[in-house]
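Enquirer: Below you will find the structure I want to go over with you.
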Amino acid sequence: MMEPKQPTVSAKPLSEMTPQERHERAIGVLKRLVADKHQAEEEMVENFHKDPAIQAAVAKLKEENERRGTPVVQL
């Protein structure tokens, strides 16, 4: 997967930035946060597929939830 281009961060204090510069900085921060979240999610899925202990723990949780009648929420 291609890494998203990381925008450069201005060294200017926020009080000295124009509204456009503040907007661009905020968008850059949000894009980095989303990219980090996606990477973490991919790593979790990869770890789940690699590690039988994680698979067993998830299966146990599913069994316990089914036994208790906990509703399943699909995200």
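By convention in this document, the chains of the structure tokens carry letters A, B, ... by their order, each chain's residues are numbered from 1, and ligands are numbered from 1 in the order they are shown.
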I need the residues in chain A that are helix (DSSP H, G or I) according to DSSP; give them as a PyMOL selection string.
Expert: chain A and resi 14-16+19-50+52-68
Enquirer: Just to be explicit: take each residue in the selection above, keep N, CA and C atoms, and write the result as a short mmCIF file (atom, residue, chain, number, x, y, z; two decimals), in the first residue's frame.
Expert:
data_model
loop_
_atom_site.label_atom_id
_atom_site.label_comp_id
_atom_site.auth_asym_id
_atom_site.auth_seq_id
_atom_site.Cartn_x
_atom_site.Cartn_y
_atom_site.Cartn_z
N LEU A 14 0.01 29.14 16.11
CA LEU A 14 -1.34 29.27 15.55
C LEU A 14 -1.81 30.72 15.51
N SER A 15 -1.42 31.50 16.51
CA SER A 15 -1.87 32.90 16.57
C SER A 15 -1.34 33.73 15.41
N GLU A 16 -0.26 33.28 14.77
CA GLU A 16 0.32 34.03 13.65
C GLU A 16 -0.09 33.47 12.30
N PRO A 19 -6.18 32.15 8.48
CA PRO A 19 -7.21 31.10 8.55
C PRO A 19 -6.94 29.95 7.57
N GLN A 20 -6.44 30.26 6.39
CA GLN A 20 -6.14 29.21 5.40
C GLN A 20 -5.01 28.30 5.91
N GLU A 21 -3.99 28.89 6.52
CA GLU A 21 -2.88 28.08 7.05
C GLU A 21 -3.36 27.19 8.21
N ARG A 22 -4.22 27.73 9.08
CA ARG A 22 -4.77 26.92 10.18
C ARG A 22 -5.61 25.78 9.64
N HIS A 23 -6.40 26.08 8.61
CA HIS A 23 -7.23 25.05 7.99
C HIS A 23 -6.36 23.94 7.39
N GLU A 24 -5.33 24.32 6.65
CA GLU A 24 -4.44 23.33 6.03
C GLU A 24 -3.72 22.50 7.09
N ARG A 25 -3.33 23.15 8.18
CA ARG A 25 -2.65 22.42 9.25
C ARG A 25 -3.61 21.42 9.90
N ALA A 26 -4.83 21.85 10.15
CA ALA A 26 -5.82 20.96 10.76
C ALA A 26 -6.12 19.77 9.84
N ILE A 27 -6.26 20.03 8.56
CA ILE A 27 -6.51 18.94 7.60
C ILE A 27 -5.34 17.98 7.59
N GLY A 28 -4.12 18.50 7.64
CA GLY A 28 -2.93 17.64 7.67
C GLY A 28 -2.91 16.75 8.89
N VAL A 29 -3.26 17.31 10.04
CA VAL A 29 -3.29 16.52 11.28
C VAL A 29 -4.35 15.43 11.18
N LEU A 30 -5.52 15.78 10.69
CA LEU A 30 -6.60 14.80 10.57
C LEU A 30 -6.24 13.69 9.59
N LYS A 31 -5.59 14.04 8.49
CA LYS A 31 -5.19 13.01 7.51
C LYS A 31 -4.18 12.05 8.13
N ARG A 32 -3.25 12.58 8.93
CA ARG A 32 -2.27 11.70 9.60
C ARG A 32 -2.97 10.79 10.60
N LEU A 33 -3.94 11.33 11.34
CA LEU A 33 -4.67 10.51 12.31
C LEU A 33 -5.45 9.39 11.62
N VAL A 34 -6.10 9.70 10.51
CA VAL A 34 -6.85 8.69 9.77
C VAL A 34 -5.91 7.63 9.21
N ALA A 35 -4.77 8.06 8.66
CA ALA A 35 -3.79 7.10 8.12
C ALA A 35 -3.26 6.19 9.23
N ASP A 36 -2.99 6.76 10.40
CA ASP A 36 -2.51 5.96 11.53
C ASP A 36 -3.58 4.96 11.98
N LYS A 37 -4.84 5.40 11.99
CA LYS A 37 -5.94 4.50 12.39
C LYS A 37 -6.06 3.35 11.40
N HIS A 38 -5.99 3.65 10.11
CA HIS A 38 -6.10 2.59 9.10
C HIS A 38 -4.95 1.60 9.22
N GLN A 39 -3.75 2.10 9.47
CA GLN A 39 -2.60 1.22 9.63
C GLN A 39 -2.78 0.32 10.85
N ALA A 40 -3.25 0.89 11.95
CA ALA A 40 -3.46 0.10 13.17
C ALA A 40 -4.52 -0.97 12.93
N GLU A 41 -5.59 -0.62 12.21
CA GLU A 41 -6.64 -1.60 11.91
C GLU A 41 -6.10 -2.74 11.04
N GLU A 42 -5.29 -2.40 10.05
CA GLU A 42 -4.69 -3.43 9.19
C GLU A 42 -3.79 -4.35 10.00
N GLU A 43 -3.02 -3.78 10.93
CA GLU A 43 -2.14 -4.59 11.77
C GLU A 43 -2.96 -5.50 12.68
N MET A 44 -4.08 -5.01 13.21
CA MET A 44 -4.92 -5.84 14.07
C MET A 44 -5.49 -7.03 13.30
N VAL A 45 -5.96 -6.78 12.09
CA VAL A 45 -6.51 -7.87 11.27
C VAL A 45 -5.41 -8.87 10.95
N GLU A 46 -4.24 -8.37 10.59
CA GLU A 46 -3.10 -9.25 10.28
C GLU A 46 -2.73 -10.09 11.50
N ASN A 47 -2.66 -9.46 12.67
CA ASN A 47 -2.33 -10.19 13.90
C ASN A 47 -3.39 -11.23 14.23
N PHE A 48 -4.66 -10.90 13.98
CA PHE A 48 -5.74 -11.85 14.23
C PHE A 48 -5.55 -13.10 13.37
N HIS A 49 -5.21 -12.91 12.10
CA HIS A 49 -5.06 -14.05 11.19
C HIS A 49 -3.82 -14.87 11.50
N LYS A 50 -2.81 -14.26 12.08
CA LYS A 50 -1.55 -14.95 12.37
C LYS A 50 -1.56 -15.68 13.72
N PRO A 52 -3.16 -17.76 16.68
CA PRO A 52 -4.27 -18.62 17.11
C PRO A 52 -4.82 -18.24 18.49
N ALA A 53 -3.99 -17.67 19.35
CA ALA A 53 -4.45 -17.27 20.68
C ALA A 53 -5.49 -16.15 20.58
N ILE A 54 -5.26 -15.23 19.68
CA ILE A 54 -6.22 -14.13 19.48
C ILE A 54 -7.52 -14.69 18.91
N GLN A 55 -7.40 -15.60 17.95
CA GLN A 55 -8.58 -16.22 17.35
C GLN A 55 -9.39 -16.97 18.41
N ALA A 56 -8.69 -17.67 19.29
CA ALA A 56 -9.38 -18.41 20.36
C ALA A 56 -10.08 -17.46 21.32
N ALA A 57 -9.42 -16.35 21.65
CA ALA A 57 -10.01 -15.38 22.57
C ALA A 57 -11.28 -14.76 21.96
N VAL A 58 -11.24 -14.44 20.68
CA VAL A 58 -12.41 -13.86 20.01
C VAL A 58 -13.54 -14.89 19.95
N ALA A 59 -13.19 -16.14 19.65
CA ALA A 59 -14.21 -17.20 19.61
C ALA A 59 -14.85 -17.38 20.98
N LYS A 60 -14.04 -17.31 22.04
CA LYS A 60 -14.57 -17.45 23.40
C LYS A 60 -15.52 -16.29 23.73
N LEU A 61 -15.13 -15.07 23.35
CA LEU A 61 -16.00 -13.92 23.59
C LEU A 61 -17.32 -14.06 22.84
N LYS A 62 -17.24 -14.54 21.59
CA LYS A 62 -18.47 -14.73 20.81
C LYS A 62 -19.38 -15.76 21.47
N GLU A 63 -18.79 -16.85 21.97
CA GLU A 63 -19.58 -17.88 22.65
C GLU A 63 -20.24 -17.32 23.90
N GLU A 64 -19.48 -16.55 24.70
CA GLU A 64 -20.03 -15.97 25.92
C GLU A 64 -21.16 -14.99 25.60
N ASN A 65 -20.96 -14.18 24.56
CA ASN A 65 -22.00 -13.22 24.17
C ASN A 65 -23.25 -13.95 23.70
N GLU A 66 -23.06 -15.03 22.95
CA GLU A 66 -24.20 -15.81 22.46
C GLU A 66 -24.95 -16.44 23.63
N ARG A 67 -24.21 -16.97 24.60
CA ARG A 67 -24.81 -17.60 25.77
C ARG A 67 -25.63 -16.59 26.58
N ARG A 68 -25.12 -15.36 26.70
CA ARG A 68 -25.82 -14.32 27.46
C ARG A 68 -26.94 -13.66 26.66
#
